[in-house]
Amino acid sequence: MQLDHHYAVRLRWTGNRGAGTRDYRAYGRDHDIEAVTADAASIATGAAPILGSSDPVFHGDATRWNPEQLLLSALSQCHLLSYLHTAVKHGVVVTAYTDSAVGTMVQTADGGGHFTSVTLSPVVTVASADMVDLAQSLHAEASTRCFIAASMNFAVLHEPSTRVAEPDAQ
């Protein structure tokens, strides 16, 4: 008998210093990570930032981050950082970035288990409408540059969307 377990995190880039990704040194790499429910609708209660335990189903402390959430966070963070670098290389000015990552883990009858997939859903805001198509396409290149995703033995999928910044938001 196998059991599926679902995990989710939300990432928000906070490193826009006012110029977005106009050049490699213009933006910060800072970001916030929140544990969310598997439907990504709300913040998980009691999950303290980066204090570790195991999932409560495995007798862990629900007020601390579990490795499954941290794995999702690592994939989400890695894609963010690879994407920002890729955006700079291609002249795309990113002014905001959020992601809602969801993963599925299968627990096997022998007590082991493994992730079967993770889906990242980045929402990227760019400085102008003429950048939208290129910005959307850059997720594929960023994915190939993400060390964490390249290390996984399961599918890391992407469902990105791109928005244009409000004129006064830059």
# chains A, B, ... in the order shown; residues from 1 in each chain; ligands from 1
$ residues_around --residues "Gly112 in chain A" --least-positions-apart "6" --cutoff "12 Å" --atoms "only C-alpha atoms" --output "VMD selection string"
chain A and resid 1 to 4 58 105 to 106
$ write_last_selection --atoms "C-alpha atoms" --output "PDB file, in the first residue's frame"
ATOM      1  CA  MET A   1       0.000   0.000   0.000  1.00  0.00           C
ATOM      2  CA  GLN A   2       1.304   3.460  -0.845  1.00  0.00           C
ATOM      3  CA  LEU A   3       0.206   6.798   0.559  1.00  0.00           C
ATOM      4  CA  ASP A   4       0.539  10.141  -1.198  1.00  0.00           C
ATOM      5  CA  PHE A  58       6.047  10.969  10.856  1.00  0.00           C
ATOM      6  CA  MET A 105       5.479  12.318  -2.177  1.00  0.00           C
ATOM      7  CA  VAL A 106       4.539   8.647  -2.209  1.00  0.00           C
TER       8      VAL A 106
END
$ residues_around --residues "range 80-82 of chain A" --least-positions-apart "4" --cutoff "10 Å" --atoms "only C-alpha atoms" --output "list of chain:residue names"
A:Leu11, A:Arg12, A:Trp13, A:Arg29, A:Asp30, A:His31, A:Ala74, A:Leu75, A:Ser76, A:Thr86, A:Ala87, A:Tyr97, A:Thr98, A:Asp99, A:Pro122, A:Val124, A:Leu138, A:His139, A:Glu141, A:Ala142, A:Ser143, A:Thr144, A:Arg145, A:Cys146, A:Phe147
$ select_by_dssp --residues "chain A" --states "helix (DSSP H, G or I)" --output "number ranges by chain"
A: 56-58, 67-89, 129-145, 147-150, 167-169
$ write_last_selection --atoms "N, CA and C atoms" --output "tab-separated table (two decimals), in the first residue's frame"
chain	number	residue	atom	x	y	z
A	56	PRO	N	4.44	15.96	10.81
A	56	PRO	CA	3.71	15.36	11.93
A	56	PRO	C	3.24	13.93	11.67
A	57	VAL	N	2.93	13.60	10.41
A	57	VAL	CA	2.52	12.23	10.11
A	57	VAL	C	3.65	11.25	10.43
A	58	PHE	N	4.88	11.78	10.50
A	58	PHE	CA	6.05	10.97	10.86
A	58	PHE	C	6.53	11.34	12.27
A	67	PRO	N	11.53	18.50	6.13
A	67	PRO	CA	12.39	18.38	4.96
A	67	PRO	C	11.65	18.45	3.63
A	68	GLU	N	10.41	17.97	3.62
A	68	GLU	CA	9.64	18.02	2.37
A	68	GLU	C	9.36	19.47	1.97
A	69	GLN	N	8.99	20.30	2.94
A	69	GLN	CA	8.78	21.73	2.65
A	69	GLN	C	10.09	22.39	2.25
A	70	LEU	N	11.17	22.01	2.92
A	70	LEU	CA	12.46	22.60	2.59
A	70	LEU	C	12.93	22.19	1.19
A	71	LEU	N	12.61	20.96	0.77
A	71	LEU	CA	12.93	20.54	-0.59
A	71	LEU	C	12.19	21.42	-1.59
A	72	LEU	N	10.90	21.63	-1.34
A	72	LEU	CA	10.12	22.51	-2.22
A	72	LEU	C	10.72	23.92	-2.21
A	73	SER	N	11.07	24.40	-1.03
A	73	SER	CA	11.67	25.73	-0.91
A	73	SER	C	12.97	25.80	-1.71
A	74	ALA	N	13.80	24.78	-1.60
A	74	ALA	CA	15.07	24.78	-2.33
A	74	ALA	C	14.84	24.82	-3.83
A	75	LEU	N	13.89	24.04	-4.32
A	75	LEU	CA	13.58	24.06	-5.76
A	75	LEU	C	13.05	25.43	-6.18
A	76	SER	N	12.16	26.00	-5.38
A	76	SER	CA	11.58	27.30	-5.69
A	76	SER	C	12.65	28.39	-5.66
A	77	GLN	N	13.48	28.39	-4.62
A	77	GLN	CA	14.56	29.36	-4.51
A	77	GLN	C	15.53	29.24	-5.66
A	78	CYS	N	15.92	28.02	-5.98
A	78	CYS	CA	16.89	27.79	-7.04
A	78	CYS	C	16.35	28.30	-8.38
A	79	HIS	N	15.07	28.03	-8.65
A	79	HIS	CA	14.50	28.51	-9.91
A	79	HIS	C	14.46	30.04	-9.92
A	80	LEU	N	14.07	30.65	-8.79
A	80	LEU	CA	14.07	32.12	-8.69
A	80	LEU	C	15.44	32.67	-9.05
A	81	LEU	N	16.46	32.18	-8.39
A	81	LEU	CA	17.80	32.73	-8.58
A	81	LEU	C	18.32	32.47	-9.99
A	82	SER	N	18.05	31.29	-10.53
A	82	SER	CA	18.44	30.99	-11.92
A	82	SER	C	17.67	31.88	-12.89
A	83	TYR	N	16.39	32.10	-12.59
A	83	TYR	CA	15.56	32.93	-13.46
A	83	TYR	C	16.04	34.38	-13.46
A	84	LEU	N	16.32	34.94	-12.29
A	84	LEU	CA	16.77	36.33	-12.22
A	84	LEU	C	18.07	36.51	-13.00
A	85	HIS	N	18.98	35.57	-12.86
A	85	HIS	CA	20.24	35.62	-13.61
A	85	HIS	C	19.97	35.54	-15.12
A	86	THR	N	19.11	34.64	-15.51
A	86	THR	CA	18.77	34.47	-16.92
A	86	THR	C	18.09	35.73	-17.46
A	87	ALA	N	17.23	36.35	-16.66
A	87	ALA	CA	16.56	37.59	-17.08
A	87	ALA	C	17.57	38.69	-17.36
A	88	VAL	N	18.56	38.85	-16.46
A	88	VAL	CA	19.59	39.86	-16.67
A	88	VAL	C	20.32	39.61	-17.99
A	89	LYS	N	20.70	38.35	-18.23
A	89	LYS	CA	21.43	38.00	-19.45
A	89	LYS	C	20.66	38.38	-20.71
A	129	ALA	N	5.54	45.70	-21.37
A	129	ALA	CA	4.79	44.69	-22.13
A	129	ALA	C	5.63	44.01	-23.19
A	130	ASP	N	6.62	44.70	-23.75
A	130	ASP	CA	7.44	44.09	-24.80
A	130	ASP	C	8.38	43.01	-24.27
A	131	MET	N	8.43	42.84	-22.95
A	131	MET	CA	9.28	41.82	-22.33
A	131	MET	C	8.53	40.53	-21.99
A	132	VAL	N	7.21	40.55	-22.09
A	132	VAL	CA	6.39	39.44	-21.59
A	132	VAL	C	6.72	38.11	-22.26
A	133	ASP	N	6.73	38.06	-23.58
A	133	ASP	CA	6.96	36.79	-24.27
A	133	ASP	C	8.34	36.22	-23.96
A	134	LEU	N	9.36	37.07	-24.00
A	134	LEU	CA	10.70	36.60	-23.69
A	134	LEU	C	10.78	36.15	-22.23
A	135	ALA	N	10.21	36.93	-21.33
A	135	ALA	CA	10.22	36.58	-19.90
A	135	ALA	C	9.58	35.21	-19.67
A	136	GLN	N	8.48	34.97	-20.34
A	136	GLN	CA	7.78	33.69	-20.19
A	136	GLN	C	8.65	32.54	-20.69
A	137	SER	N	9.34	32.76	-21.79
A	137	SER	CA	10.16	31.69	-22.37
A	137	SER	C	11.42	31.40	-21.57
A	138	LEU	N	11.87	32.32	-20.75
A	138	LEU	CA	13.13	32.14	-20.02
A	138	LEU	C	13.06	31.11	-18.91
A	139	HIS	N	11.86	30.67	-18.53
A	139	HIS	CA	11.75	29.65	-17.49
A	139	HIS	C	12.43	28.33	-17.91
A	140	ALA	N	12.36	28.00	-19.18
A	140	ALA	CA	12.98	26.77	-19.66
A	140	ALA	C	14.50	26.84	-19.49
A	141	GLU	N	15.10	27.97	-19.88
A	141	GLU	CA	16.55	28.12	-19.73
A	141	GLU	C	16.93	28.14	-18.24
A	142	ALA	N	16.17	28.86	-17.43
A	142	ALA	CA	16.45	28.94	-16.00
A	142	ALA	C	16.39	27.55	-15.37
A	143	SER	N	15.47	26.74	-15.82
A	143	SER	CA	15.32	25.38	-15.28
A	143	SER	C	16.57	24.56	-15.53
A	144	THR	N	17.19	24.72	-16.69
A	144	THR	CA	18.40	23.95	-16.99
A	144	THR	C	19.58	24.41	-16.16
A	145	ARG	N	19.51	25.61	-15.60
A	145	ARG	CA	20.60	26.17	-14.80
A	145	ARG	C	20.41	25.96	-13.30
A	147	PHE	N	20.65	24.04	-10.15
A	147	PHE	CA	21.39	22.88	-9.65
A	147	PHE	C	20.50	21.92	-8.89
A	148	ILE	N	19.57	22.46	-8.12
A	148	ILE	CA	18.71	21.61	-7.30
A	148	ILE	C	17.80	20.78	-8.20
A	149	ALA	N	17.15	21.43	-9.17
A	149	ALA	CA	16.25	20.70	-10.08
A	149	ALA	C	17.01	19.65	-10.87
A	150	ALA	N	18.23	19.98	-11.28
A	150	ALA	CA	19.04	19.02	-12.04
A	150	ALA	C	19.44	17.81	-11.20
A	167	PRO	N	2.80	51.31	-14.18
A	167	PRO	CA	3.80	52.33	-14.49
A	167	PRO	C	4.46	52.97	-13.26
A	168	ASP	N	3.74	53.19	-12.18
A	168	ASP	CA	4.31	53.84	-11.00
A	168	ASP	C	4.90	52.85	-10.01
A	169	ALA	N	4.83	51.53	-10.27
A	169	ALA	CA	5.32	50.50	-9.35
A	169	ALA	C	6.81	50.26	-9.50
$ atom_distance --atom1 "CA of Tyr24 in chain A" --atom2 "CA of Thr125 in chain A"
17.4 Å
$ select_by_dssp --residues "range 29-162 of chain A" --states "strand (DSSP E)" --output "ChimeraX atom specification"
/A:31-35,48-52,64-65,94-107,113-120,123-126,155-158,161-162
$ closest_residue --among "A:Arg22, A:His114, A:Arg64, A:Arg17" --to "Met152 in chain A" --atoms "only C-alpha atoms"
A:His114
$ closest_residue --among "A:Gly60, A:Ala127, A:Thr116, A:Gly18" --to "Arg163 in chain A" --atoms "only C-alpha atoms"
A:Ala127
$ atom_distance --atom1 "CA of Ala62 in chain A" --atom2 "CA of Thr104 in chain A"
18.4 Å
$ closest_residue --among "A:His90, A:His59, A:Arg10, A:His158" --to "Glu34 in chain A" --atoms "only C-alpha atoms"
A:Arg10
